[in-house]
Amino acid sequence: MLKILHTADLHLDSPFTGLTPEQAARRRAEQRALVQRLGDVAARERVDLVLLAGDLFDSGRIYRDTARELAEDLGRIDAPVFISPGNHDPYDAASPYALPIWPDNVHIFTSAAPAAVELPGLNCVVYGAAFLSERQEESPLTGFHAPEDGRIHLMVLHANTEGAGYAPITAAQIADSGLDYLALGHIHRQSGLQRSGDTRWAYPGCPEGRGFDELGDKGALLVRVDTEGVQAEFVSLCQRRYEILDVDLTGALDPAASVLAVLPAGADRHICRVRLTGRYNLTAAELTAVEQALEERTWAHQVQDRTRPPEDLWARAGEDNLTGLFLQTMATLCEQDPEDEELQLAVRFGLSALEHGEDVAP
């Protein structure tokens with residue numbers, strides 16, 4: 001049995017927009033420590049190979065020590081490591097991959113067409129290719145077919161099964177490849193083990209979320225290949241998770257308490273976006289209380305107020321005064337665009353101003 005550790009899309013030195021400068025710097029340091037955790041898994045599981053399917057760096061512009069630390073950490077892994085540069089970190093003469101820092105156990109593929117590395121001791125062949133620029137319109141699998149010679153045939157590739165522009169590949173090409181396992185990178189969500197023809201393939205997803213489009217647990221795939229086929233097991237690696245929580249405040253007595261009630265275990269290590277929904281007149285003081293509660297219970301957070309005024313609020317539109325005229329005007333605008341969140345906020349804030357800043361009873 002051949003045991004493989006497969007991951008991709010580390011995006012080292014990401015900017016982590018949306019966090020404070022201090023938090024962003026902390027996250028970048030945690031990203032670099034990710035490779036050490038990868039090495040711990042490789043040692044614990046006694047893997048035969050490590051396949052890194054591209055976008056290890058977020059761009060060609062990285063902090064001075066990042067590439068060197070990565071090379072040193074990969075050098076500590078007691079197994080061959082194969083890297084397929086991606087669209088964020090394409091191979092060229094100026095890329096980190098061209099530096100003379102990579103240890104003997106690390107092989108970096110440097111051509112757009114698949115190249116082969118034979119590993120007689122493991123009875124396998126590892127193929128791989130590289131992005132040479134940020135866009136690659138041609139498919140790296142065009143015309144590729146591994147020989148039927150009794151060996152295990154693997155490929156590590158940064159490629160896109162979902163569209164053009166980034167080394168596009170199709171299910172038919174994967175099926176025709178003759179590979180036992182195709183280790184892919186580029187798509188940041190885990191695909192689970194897939195099958196095209198007799199070839200198994202997978203995206204492990206990114207091992208650390210970098211924003212609210214990359215939610216939940218993240219990690220790598222531990223892949224086992226033998227005469228019975230291919231199996232893959234998810235291994236968690238992420239230090240922090242991004243989570244989105246929807247909190248319906250309809251009928252709530254204490255918005256802050258309602259928010260704290262839905263926070264997941266370990267929220268003090270994670271980055272949470274809380275979306276407040278439902279029919280509720282949220283005051284500025286209540287919103288501040290929510291922010292303060294989250295400040296104490298999460299590592300970082302965002303709050304989005306998507307609440308809407310209670311239905312009976314509009315009954316005051318019949319009053320023969322400035323408040324009634326304001327509500328009549330806003331009701332007409334809200335009917336024209338009921339999903340406009342800014343209009344809903346304008347109703348509450350405008351009414352609060354008309355009432356001299358006092359809370360508006362639901």
# chains A, B, ... in the order shown; residues from 1 in each chain; ligands from 1
call {"tool": "select_by_dssp", "arguments": {"residues": "region 226-353 of chain A", "states": "strand (DSSP E)", "output": "list in words"}}
result
Asp226, Gly229, Val230, Gln231, Ala232, Glu233, Phe234, Val235, Ser236, Tyr242, Glu243, Ile244, Leu245, Asp246, Val247, Asp248, Ile271, Cys272, Arg273, Val274, Arg275, Leu276, Thr277, Ala300, His301, Gln302, Val303, Gln304 and Asp305 of chain A
call {"tool": "write_last_selection", "arguments": {"atoms": "N, CA and C atoms", "output": "compact mmCIF listing (two decimals), in the first residue's frame"}}
result
# COMPACT_ATOMS: atom_id res chain seq x y z
N ASP A 226 -3.70 1.06 -3.23
CA ASP A 226 -3.21 -0.31 -3.28
C ASP A 226 -3.94 -1.07 -4.38
N GLY A 229 -7.67 -0.49 -4.76
CA GLY A 229 -8.20 0.80 -5.19
C GLY A 229 -7.61 1.95 -4.39
N VAL A 230 -8.40 3.02 -4.26
CA VAL A 230 -7.94 4.26 -3.62
C VAL A 230 -8.94 4.66 -2.53
N GLN A 231 -8.41 5.06 -1.38
CA GLN A 231 -9.22 5.58 -0.29
C GLN A 231 -8.63 6.92 0.15
N ALA A 232 -9.49 7.82 0.61
CA ALA A 232 -9.02 9.14 1.07
C ALA A 232 -9.70 9.50 2.37
N GLU A 233 -8.92 10.04 3.29
CA GLU A 233 -9.40 10.44 4.60
C GLU A 233 -9.03 11.89 4.85
N PHE A 234 -9.99 12.70 5.30
CA PHE A 234 -9.73 14.11 5.60
C PHE A 234 -8.96 14.23 6.91
N VAL A 235 -7.94 15.09 6.91
CA VAL A 235 -7.14 15.37 8.11
C VAL A 235 -7.19 16.87 8.38
N SER A 236 -7.71 17.26 9.52
CA SER A 236 -7.82 18.68 9.86
C SER A 236 -6.44 19.28 10.13
N TYR A 242 -13.29 30.16 9.81
CA TYR A 242 -14.23 31.23 9.53
C TYR A 242 -15.64 30.65 9.63
N GLU A 243 -16.51 31.33 10.37
CA GLU A 243 -17.87 30.86 10.57
C GLU A 243 -18.86 32.00 10.33
N ILE A 244 -20.00 31.68 9.71
CA ILE A 244 -21.10 32.65 9.54
C ILE A 244 -22.28 32.16 10.36
N LEU A 245 -22.78 33.01 11.24
CA LEU A 245 -23.89 32.66 12.12
C LEU A 245 -25.05 33.60 11.89
N ASP A 246 -26.23 33.06 11.61
CA ASP A 246 -27.44 33.85 11.45
C ASP A 246 -28.22 33.81 12.76
N VAL A 247 -28.58 34.99 13.29
CA VAL A 247 -29.30 35.08 14.56
C VAL A 247 -30.60 35.84 14.33
N ASP A 248 -31.72 35.15 14.47
CA ASP A 248 -33.04 35.76 14.29
C ASP A 248 -33.44 36.44 15.60
N ILE A 271 -12.90 33.14 13.64
CA ILE A 271 -13.34 34.43 13.09
C ILE A 271 -14.80 34.27 12.69
N CYS A 272 -15.67 35.02 13.33
CA CYS A 272 -17.11 34.83 13.15
C CYS A 272 -17.76 36.06 12.53
N ARG A 273 -18.63 35.81 11.58
CA ARG A 273 -19.50 36.86 11.05
C ARG A 273 -20.90 36.56 11.55
N VAL A 274 -21.47 37.50 12.29
CA VAL A 274 -22.81 37.34 12.84
C VAL A 274 -23.77 38.20 12.04
N ARG A 275 -24.77 37.56 11.46
CA ARG A 275 -25.79 38.28 10.69
C ARG A 275 -27.07 38.31 11.50
N LEU A 276 -27.45 39.50 11.93
CA LEU A 276 -28.65 39.69 12.72
C LEU A 276 -29.84 39.82 11.78
N THR A 277 -30.85 38.98 11.96
CA THR A 277 -32.00 38.95 11.07
C THR A 277 -33.30 39.03 11.87
N ALA A 300 -11.87 37.12 16.35
CA ALA A 300 -12.19 38.27 15.51
C ALA A 300 -13.63 38.11 15.06
N HIS A 301 -14.28 39.22 14.74
CA HIS A 301 -15.69 39.10 14.38
C HIS A 301 -16.13 40.25 13.48
N GLN A 302 -17.24 40.05 12.82
CA GLN A 302 -17.97 41.08 12.09
C GLN A 302 -19.44 40.95 12.46
N VAL A 303 -20.15 42.06 12.46
CA VAL A 303 -21.60 42.04 12.70
C VAL A 303 -22.29 42.72 11.53
N GLN A 304 -23.29 42.04 10.98
CA GLN A 304 -24.10 42.61 9.91
C GLN A 304 -25.54 42.70 10.41
N ASP A 305 -26.07 43.91 10.41
CA ASP A 305 -27.45 44.13 10.87
C ASP A 305 -28.39 44.00 9.68
call {"tool": "residues_around", "arguments": {"residues": "region 204-220 of chain A", "least_positions_apart": "4", "cutoff": "8 Å", "atoms": "only C-alpha atoms", "output": "VMD selection string"}}
result
chain A and resid 5 to 10 14 16 31 184 to 192 234 to 244 273
call {"tool": "residues_around", "arguments": {"residues": "Asp176 (chain A)", "least_positions_apart": "2", "cutoff": "8 Å", "atoms": "only C-alpha atoms", "output": "PDB file with C-alpha atoms, in the first residue's frame"}}
result
ATOM      1  CA  PHE A 144      -1.620  12.271 -21.759  1.00  0.00           C
ATOM      2  CA  HIS A 145      -1.949   8.570 -20.934  1.00  0.00           C
ATOM      3  CA  ALA A 172     -13.077  12.578 -20.051  1.00  0.00           C
ATOM      4  CA  GLN A 173      -9.392  13.557 -19.967  1.00  0.00           C
ATOM      5  CA  ILE A 174      -9.069  12.295 -16.403  1.00  0.00           C
ATOM      6  CA  GLY A 178      -4.630   5.970 -16.990  1.00  0.00           C
ATOM      7  CA  GLY A 197     -13.230   6.069 -15.515  1.00  0.00           C
TER       8      GLY A 197
END
call {"tool": "closest_residue", "arguments": {"among": "A:Gly324, A:Pro309, A:Gly39, A:Gly318", "to": "Leu343 (chain A)", "atoms": "only C-alpha atoms"}}
result
A:Pro309
call {"tool": "closest_residue", "arguments": {"among": "A:Glu319, A:Arg200, A:Gly86, A:Arg64", "to": "Arg224 (chain A)", "atoms": "only C-alpha atoms"}}
result
A:Arg200
